[in-house]
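**Student:** Structure provided below as structure tokens; questions to follow.
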Amino acid sequence: MSKESSAKIKFYNGENIPLELHKVRVVQKLHLVPIERRLEALQEGGFNTFRLNTRDVFLDMLTDSGTNAMSDMQLSAMMHADDAYAGSQSFFRMQKAVEDVLKKKYLLPAHQGRAAENILANAYIKKKGDLIPMNYHFTTALAHITQYGGRIVELLYDEAYNIASSHPFKGNMNVERLEEVIRETGVENIPFIRMEASTNLIGGQPFSIANMRAVREIADKYGIKIVLDASLLGENAYLVIRREPEFADASMAEVIEIMTGLADIVYFSARKLSSSRGGGICTNDLNIYRDLEPLVPLFEGFLTYGGMSVREIEAIAVGLYETLDESMICQSPQFIAYLVDILVAQGVPMVTPPGVLGAHVDAMKMCEHIPQTQYPAGALAAAFFLISGVRGMERGSISNQRDENGNETYADMELLRLAVPRRVFTLSQIKYVADRMTWLHRNRELIGGLKFVYEPPVLRFFMGGLEPVSDWTQKLIAKFKEDFGDSL
Ligand SMILES: *Cc1c(COP(=O)(O)O)cnc(C)c1O
């Protein structure tokens, strides 16, 4: 059977262009304000892209969370939502979609991914020092595990930390280390093993099914549960089809069924998985369901809404079925690959191979002249917004937290993430991003560092305020005017 995917469409001129397999029917006006206004916006927002007002932002590449485009089918489903505190038909439609797509019959709704993490950590981390082995942490998963006294160990292979790589599955778990960790720690101190699809913080990098099968084998040998973080499951499945030869002819439905079938518990942020709000936990094990059931009314709300509006629930249900459509899921990874390939060809240091959710620029390398004490990734995010109006997100030391003695902890990688939410941008907008980043790379020595002027004690990256350590913004603006004249 031939599958509908824009990867299958060849161009006569030989170019490799990701073709949109959707049309745009609702649009939102964007604002590309002059560079002087962009500088003011940075000053008002403490040189922190989280604090910008979208009136000043041209392309919003901050995150893929809750920003994917909604489909006509999702919007229409929202109109026939069933408002009921208990027993809403909307919930049963979501439950049916979870059963059909994720192949799990028991569903516990939660208001977003981190709420699912809270429930799982509350239910299963029973004593101080309990250890959760995982391929890599996600910020909120780590926060909830440590909140309940647990610890984590990250078991990626060394290759995952190699920024410029050609390894197709940098999200794989090191299974040899997993077995050692289980033997050293003792099964009774390991409540579950956590596998994250499309490992977010290392650049949206997938794991292979062969790897997850090997993890399952060890989990079975020692009788430990596997929890799958399925927030970015669709994209991981798509990359399995593209990169794992055994599954080259498989459908999205087949690959997703195999992946969720290898886990005892699957949880997800619907903000990413199905382009809406909300989240949930699902399982086929009634005992697990019973463990978690009392926590939903306690933290989230009644068992048939879990903190979500019924309209959101309807959109999730439709979005889950749409996840099976390769022509929809392929759109963001293909745009990301297109952007990464152009930038790599222009000499811009990027995380490779291209992953999902966004393109990631290696700020440590691009801004070698900025010491980590002056936050190269934060500086690059601010500089890129200044010269383009494109808002990315710092994923480096500003996103880290100080240790218990108040000392800075520097991140392994200093990345600028340029998120590419599904079906939101056009190809000319992606070309604009590539053009401006290429220019900035050529003029990178003009970018200077940042220092904190306001540093909140927790999650400082959200609301923290910074300022440039020198007058580098003026130099960058002068060079911009020299090269672009009166262009915005
Ligand atoms: C976003 C995300 C979460 C948290 O989900 P929220 O809905 O933002 O709370 C958990 N895991 C992964 C992999 C994510 O990308």
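Ligands are numbered from 1 in the order shown, chains are lettered A, B, ... in the order of the structure tokens, and residues start at 1 in each chain.
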List all protein, DNA and RNA residues that have any atom at most 10 Å from ligand 1, counting only C-alpha atoms and all ligand atoms, and write the list as an mmCIF file with C-alpha atoms, in the first residue's frame.

**Tutor:**
```cif
data_model
loop_
_atom_site.group_PDB
_atom_site.id
_atom_site.type_symbol
_atom_site.label_atom_id
_atom_site.label_comp_id
_atom_site.auth_asym_id
_atom_site.auth_seq_id
_atom_site.Cartn_x
_atom_site.Cartn_y
_atom_site.Cartn_z
ATOM 1 C CA THR A 63 7.261 26.121 21.801
ATOM 2 C CA ASP A 64 5.134 23.416 20.217
ATOM 3 C CA SER A 65 3.036 23.202 23.388
ATOM 4 C CA GLY A 66 -0.590 24.039 22.635
ATOM 5 C CA ALA A 110 -5.592 15.071 33.544
ATOM 6 C CA HIS A 111 -5.432 18.778 32.740
ATOM 7 C CA GLN A 112 -1.982 18.536 31.110
ATOM 8 C CA GLY A 113 1.104 16.312 30.914
ATOM 9 C CA ARG A 114 2.651 17.469 34.178
ATOM 10 C CA ALA A 115 -0.583 16.659 36.032
ATOM 11 C CA ALA A 116 -0.281 13.069 34.798
ATOM 12 C CA GLU A 117 3.321 13.085 36.080
ATOM 13 C CA ASN A 118 2.140 14.329 39.463
ATOM 14 C CA TYR A 136 16.439 11.402 29.646
ATOM 15 C CA HIS A 137 14.513 13.719 31.919
ATOM 16 C CA PHE A 138 11.908 16.266 30.967
ATOM 17 C CA THR A 139 11.775 19.334 33.251
ATOM 18 C CA THR A 140 8.318 18.639 34.694
ATOM 19 C CA ALA A 141 8.843 14.859 35.007
ATOM 20 C CA LEU A 142 12.011 15.450 37.023
ATOM 21 C CA MET A 195 10.792 5.973 28.394
ATOM 22 C CA GLU A 196 10.227 9.328 26.704
ATOM 23 C CA ALA A 197 9.196 9.336 23.046
ATOM 24 C CA SER A 198 11.136 11.845 20.888
ATOM 25 C CA THR A 199 13.363 12.814 23.842
ATOM 26 C CA ASN A 200 12.570 16.504 24.124
ATOM 27 C CA LEU A 201 15.540 18.155 25.829
ATOM 28 C CA GLY A 204 13.524 15.899 19.958
ATOM 29 C CA LEU A 228 5.883 5.659 28.364
ATOM 30 C CA ASP A 229 5.783 9.454 28.096
ATOM 31 C CA ALA A 230 3.849 9.642 24.832
ATOM 32 C CA SER A 231 3.640 13.441 24.511
ATOM 33 C CA LEU A 232 5.668 13.304 21.276
ATOM 34 C CA LEU A 233 4.656 9.759 20.267
ATOM 35 C CA TYR A 267 0.749 9.155 29.668
ATOM 36 C CA PHE A 268 0.669 12.216 27.470
ATOM 37 C CA SER A 269 0.451 15.952 27.222
ATOM 38 C CA ALA A 270 -2.370 16.505 24.727
ATOM 39 C CA ARG A 271 -0.968 20.010 24.188
ATOM 40 C CA LYS A 272 1.566 18.283 21.952
ATOM 41 C CA LEU A 273 0.150 14.881 21.052
ATOM 42 C CA SER A 276 -5.172 21.062 21.978
ATOM 43 C CA ARG A 277 -5.019 21.259 25.744
ATOM 44 C CA GLY A 278 -5.203 18.536 28.348
ATOM 45 C CA GLY A 279 -3.598 15.192 28.961
ATOM 46 C CA GLY A 280 -4.159 11.735 30.352
ATOM 47 C CA LEU A 357 9.342 19.725 17.695
#
```

**Student:** Tell me which protein, DNA and RNA residues are within 12 Å of segment 396-400 of chain A, counting only C-alpha atoms, leaving out same-chain ones fewer than 5 positions away, and put them as a ChimeraX atom specification.

**Tutor:** /A:47-50,138-139,201-203,360-364,371-381,407-417,450-452,455-466

**Student:** Find the residues near Ile313 of chain A: any atom within 8 Å, counting only C-alpha atoms, skip ones fewer than 6 places away on the same chain, and give them as an mmCIF file with all heavy atoms, in the first residue's frame.

**Tutor:**
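What follows is the written file selection-v9.cif:
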```
data_model
loop_
_atom_site.group_PDB
_atom_site.id
_atom_site.type_symbol
_atom_site.label_atom_id
_atom_site.label_comp_id
_atom_site.auth_asym_id
_atom_site.auth_seq_id
_atom_site.Cartn_x
_atom_site.Cartn_y
_atom_site.Cartn_z
ATOM 1 N N SER A 90 -18.596 13.445 25.852
ATOM 2 C CA SER A 90 -17.299 13.862 25.315
ATOM 3 C C SER A 90 -16.196 12.976 25.887
ATOM 4 O O SER A 90 -15.291 12.540 25.171
ATOM 5 C CB SER A 90 -17.021 15.322 25.667
ATOM 6 O OG SER A 90 -18.019 16.147 25.112
ATOM 7 N N PHE A 91 -16.273 12.704 27.188
ATOM 8 C CA PHE A 91 -15.256 11.848 27.801
ATOM 9 C C PHE A 91 -15.257 10.466 27.149
ATOM 10 O O PHE A 91 -14.200 9.906 26.853
ATOM 11 C CB PHE A 91 -15.478 11.718 29.315
ATOM 12 C CG PHE A 91 -14.516 10.733 29.930
ATOM 13 C CD1 PHE A 91 -13.189 11.075 30.145
ATOM 14 C CD2 PHE A 91 -14.919 9.431 30.239
ATOM 15 C CE1 PHE A 91 -12.284 10.155 30.678
ATOM 16 C CE2 PHE A 91 -14.019 8.514 30.769
ATOM 17 C CZ PHE A 91 -12.700 8.881 30.984
ATOM 18 N N MET A 94 -13.455 10.476 23.977
ATOM 19 C CA MET A 94 -11.995 10.488 24.159
ATOM 20 C C MET A 94 -11.502 9.100 24.568
ATOM 21 O O MET A 94 -10.490 8.611 24.066
ATOM 22 C CB MET A 94 -11.584 11.533 25.209
ATOM 23 C CG MET A 94 -10.085 11.513 25.513
ATOM 24 S SD MET A 94 -9.611 12.849 26.643
ATOM 25 C CE MET A 94 -7.957 12.345 27.124
ATOM 26 N N GLY A 278 -4.865 19.757 27.637
ATOM 27 C CA GLY A 278 -5.203 18.536 28.348
ATOM 28 C C GLY A 278 -4.129 17.473 28.338
ATOM 29 O O GLY A 278 -2.997 17.691 27.901
ATOM 30 N N TYR A 305 -13.786 14.371 33.498
ATOM 31 C CA TYR A 305 -13.248 15.586 32.856
ATOM 32 C C TYR A 305 -11.816 15.916 33.271
ATOM 33 O O TYR A 305 -11.074 16.513 32.486
ATOM 34 C CB TYR A 305 -14.186 16.802 33.028
ATOM 35 C CG TYR A 305 -14.207 17.411 34.412
ATOM 36 C CD1 TYR A 305 -13.292 18.405 34.776
ATOM 37 C CD2 TYR A 305 -15.141 17.000 35.355
ATOM 38 C CE1 TYR A 305 -13.308 18.960 36.043
ATOM 39 C CE2 TYR A 305 -15.156 17.552 36.632
ATOM 40 C CZ TYR A 305 -14.244 18.526 36.971
ATOM 41 O OH TYR A 305 -14.253 19.073 38.228
#
```

**Student:** Between A:Ala164, A:Met212, A:Leu488, A:Met73, which is the closest to Gly347 of chain A once you count only C-alpha atoms?

**Tutor:** A:Ala164

**Student:** Kindly indicate which residue among A:Val27, A:Glu322, A:Ile209, A:Val348 lies nearest to Phe247 of chain A, using only C-alpha atoms for the distances.

**Tutor:**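 Using only C-alpha atoms, the shortest distance to Phe247 of chain A belongs to A:Ile209.
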
**Student:** Would you give me, as a PyMOL selection string, the residues in segment 360-434 of chain A that DSSP reads as strand (DSSP E or B)?

**Tutor:** chain A and resi 360-362+391+393-395+415-419

**Student:** Just checking: using only C-alpha atoms, which residue out of A:Val266, A:Val318, A:Met350, A:Ala359 ends up closest to Ser76 of chain A?

**Tutor:** A:Val318

**Student:** Pick from A:Arg402, A:Arg395, A:Arg423, A:Arg243: nearest to Leu62 of chain A, with only C-alpha atoms counted?

**Tutor:**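 Residue with the minimum atom-to-atom distance to Leu62 of chain A: A:Arg395.
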
**Student:** Among segment 212-389 of chain A, which residues does DSSP mark as alpha helix (DSSP H) when it is run on the backbone? Keep the chain and numbering as in the structure and answer as a ChimeraX atom specification.

**Tutor:** /A:212-222,233-243,252-261,270-273,286-292,295-299,310-322,326-329,331-345,363-366,376-388

**Student:** Suppose you want the space between atom CA of Tyr238 of chain A and atom CA of Met252 of chain A; what is it in Å?

**Tutor:** 6.7 Å

**Student:** What's the 6 Å shell around segment 177-190 of chain A, counting only C-alpha atoms, without same-chain residues fewer than 4 positions away, as a PyMOL selection string?

**Tutor:** chain A and resi 130-132

**Student:** Suppose you want the space between atom CA of Pro133 of chain A and atom CA of Tyr222 of chain A; what is it in Å?

**Tutor:**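 Going from atom CA of Pro133 of chain A over to atom CA of Tyr222 of chain A, I get 13.4 Å.
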
**Student:** Rounded to one decimal place, report the atom CA of Asp82 of chain A-atom CA of Val310 of chain A distance in Å.

**Tutor:**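 According to the coordinates, atom CA of Asp82 of chain A and atom CA of Val310 of chain A are separated by 6.4 Å.
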
**Student:** Could you list, as a tab-separated table (two decimals) with N, CA and C atoms, in the first residue's frame, every residue within 8 Å of Met61 of chain A, counting only C-alpha atoms and ignoring same-chain residues fewer than 2 positions away?

**Tutor:**
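The resulting file, around_7.tsv, is shown below:
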```
chain	number	residue	atom	x	y	z
A	59	LEU	N	7.40	35.55	13.98
A	59	LEU	CA	7.16	34.10	13.99
A	59	LEU	C	7.41	33.59	15.41
A	63	THR	N	7.60	27.49	21.38
A	63	THR	CA	7.26	26.12	21.80
A	63	THR	C	6.24	25.49	20.86
A	64	ASP	N	6.17	24.16	20.93
A	64	ASP	CA	5.13	23.42	20.22
A	64	ASP	C	3.97	23.09	21.16
A	390	VAL	N	11.83	36.79	15.20
A	390	VAL	CA	11.49	35.38	15.45
A	390	VAL	C	11.83	35.06	16.90
A	391	ARG	N	10.84	34.51	17.61
A	391	ARG	CA	11.04	34.19	19.02
A	391	ARG	C	11.35	32.72	19.21
A	392	GLY	N	12.56	32.39	19.67
A	392	GLY	CA	12.91	31.03	20.05
A	392	GLY	C	12.97	30.91	21.56
A	393	MET	N	13.42	29.76	22.04
A	393	MET	CA	13.52	29.54	23.50
A	393	MET	C	14.93	29.12	23.88
A	417	ARG	N	16.34	26.81	20.82
A	417	ARG	CA	15.33	25.99	20.16
A	417	ARG	C	14.41	26.86	19.34
A	418	LEU	N	14.24	26.51	18.08
A	418	LEU	CA	13.28	27.18	17.21
A	418	LEU	C	12.16	26.18	16.93
A	419	ALA	N	11.09	26.27	17.71
A	419	ALA	CA	10.01	25.28	17.59
A	419	ALA	C	9.27	25.45	16.27
A	420	VAL	N	8.87	24.33	15.70
A	420	VAL	CA	8.10	24.35	14.46
A	420	VAL	C	6.79	23.61	14.71
A	421	PRO	N	5.80	24.30	15.29
A	421	PRO	CA	4.53	23.62	15.54
A	421	PRO	C	3.91	23.16	14.22
```

**Student:** I'd like the neighbourhood of Gly319 of chain A as a list in words, where a residue qualifies if any of its atoms comes within 9 Å (using only C-alpha atoms), though same-chain residues fewer than 2 positions away should be ignored.

**Tutor:**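 The residues that qualify are Met70, Ser71, Met73, Gln74, Ala97, Ala270, Leu273, Ser274, Ser275, Ser276, Glu314, Ala315, Ile316, Ala317, Tyr321, Glu322 and Thr323 of chain A.
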
**Student:** Those same residues, written as a PDB file, in the first residue's frame with N, CA and C atoms?

**Tutor:**
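Output file result.pdb follows:
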```pdb
ATOM      1  N   MET A  70      -5.074  23.645  14.707  1.00  0.00           N
ATOM      2  CA  MET A  70      -6.229  22.755  14.882  1.00  0.00           C
ATOM      3  C   MET A  70      -6.810  22.449  13.512  1.00  0.00           C
ATOM      4  N   SER A  71      -7.405  21.274  13.367  1.00  0.00           N
ATOM      5  CA  SER A  71      -8.026  20.928  12.085  1.00  0.00           C
ATOM      6  C   SER A  71      -9.496  21.348  12.082  1.00  0.00           C
ATOM      7  N   MET A  73     -11.875  19.422  11.506  1.00  0.00           N
ATOM      8  CA  MET A  73     -12.622  18.370  12.199  1.00  0.00           C
ATOM      9  C   MET A  73     -12.578  18.566  13.722  1.00  0.00           C
ATOM     10  N   GLN A  74     -11.440  19.040  14.212  1.00  0.00           N
ATOM     11  CA  GLN A  74     -11.353  19.300  15.662  1.00  0.00           C
ATOM     12  C   GLN A  74     -12.270  20.443  16.063  1.00  0.00           C
ATOM     13  N   ALA A  97     -11.293   6.951  21.612  1.00  0.00           N
ATOM     14  CA  ALA A  97     -10.140   7.302  20.774  1.00  0.00           C
ATOM     15  C   ALA A  97      -8.850   6.753  21.378  1.00  0.00           C
ATOM     16  N   ALA A 270      -1.605  16.333  25.964  1.00  0.00           N
ATOM     17  CA  ALA A 270      -2.370  16.505  24.727  1.00  0.00           C
ATOM     18  C   ALA A 270      -2.057  17.841  24.066  1.00  0.00           C
ATOM     19  N   LEU A 273       0.553  16.093  21.779  1.00  0.00           N
ATOM     20  CA  LEU A 273       0.150  14.881  21.052  1.00  0.00           C
ATOM     21  C   LEU A 273      -0.979  15.149  20.067  1.00  0.00           C
ATOM     22  N   SER A 274      -1.960  15.954  20.479  1.00  0.00           N
ATOM     23  CA  SER A 274      -3.115  16.061  19.599  1.00  0.00           C
ATOM     24  C   SER A 274      -3.571  17.507  19.418  1.00  0.00           C
ATOM     25  N   SER A 275      -2.645  18.451  19.576  1.00  0.00           N
ATOM     26  CA  SER A 275      -2.865  19.853  19.252  1.00  0.00           C
ATOM     27  C   SER A 275      -4.050  20.512  19.945  1.00  0.00           C
ATOM     28  N   SER A 276      -4.098  20.402  21.254  1.00  0.00           N
ATOM     29  CA  SER A 276      -5.172  21.062  21.978  1.00  0.00           C
ATOM     30  C   SER A 276      -4.664  21.435  23.357  1.00  0.00           C
ATOM     31  N   GLU A 314     -13.144  16.948  23.354  1.00  0.00           N
ATOM     32  CA  GLU A 314     -13.570  16.588  21.986  1.00  0.00           C
ATOM     33  C   GLU A 314     -12.417  16.761  21.001  1.00  0.00           C
ATOM     34  N   ALA A 315     -11.659  17.864  21.160  1.00  0.00           N
ATOM     35  CA  ALA A 315     -10.553  18.122  20.234  1.00  0.00           C
ATOM     36  C   ALA A 315      -9.452  17.077  20.394  1.00  0.00           C
ATOM     37  N   ILE A 316      -9.233  16.626  21.613  1.00  0.00           N
ATOM     38  CA  ILE A 316      -8.228  15.579  21.843  1.00  0.00           C
ATOM     39  C   ILE A 316      -8.646  14.295  21.131  1.00  0.00           C
ATOM     40  N   ALA A 317      -9.933  13.947  21.276  1.00  0.00           N
ATOM     41  CA  ALA A 317     -10.411  12.694  20.682  1.00  0.00           C
ATOM     42  C   ALA A 317     -10.156  12.704  19.172  1.00  0.00           C
ATOM     43  N   TYR A 321      -7.085  10.506  16.581  1.00  0.00           N
ATOM     44  CA  TYR A 321      -7.252   9.782  15.306  1.00  0.00           C
ATOM     45  C   TYR A 321      -6.376  10.409  14.221  1.00  0.00           C
ATOM     46  N   GLU A 322      -6.261  11.733  14.233  1.00  0.00           N
ATOM     47  CA  GLU A 322      -5.462  12.413  13.203  1.00  0.00           C
ATOM     48  C   GLU A 322      -3.974  12.076  13.330  1.00  0.00           C
ATOM     49  N   THR A 323      -3.547  11.708  14.550  1.00  0.00           N
ATOM     50  CA  THR A 323      -2.156  11.317  14.775  1.00  0.00           C
ATOM     51  C   THR A 323      -1.769  10.115  13.905  1.00  0.00           C
TER      52      THR A 323
END
```
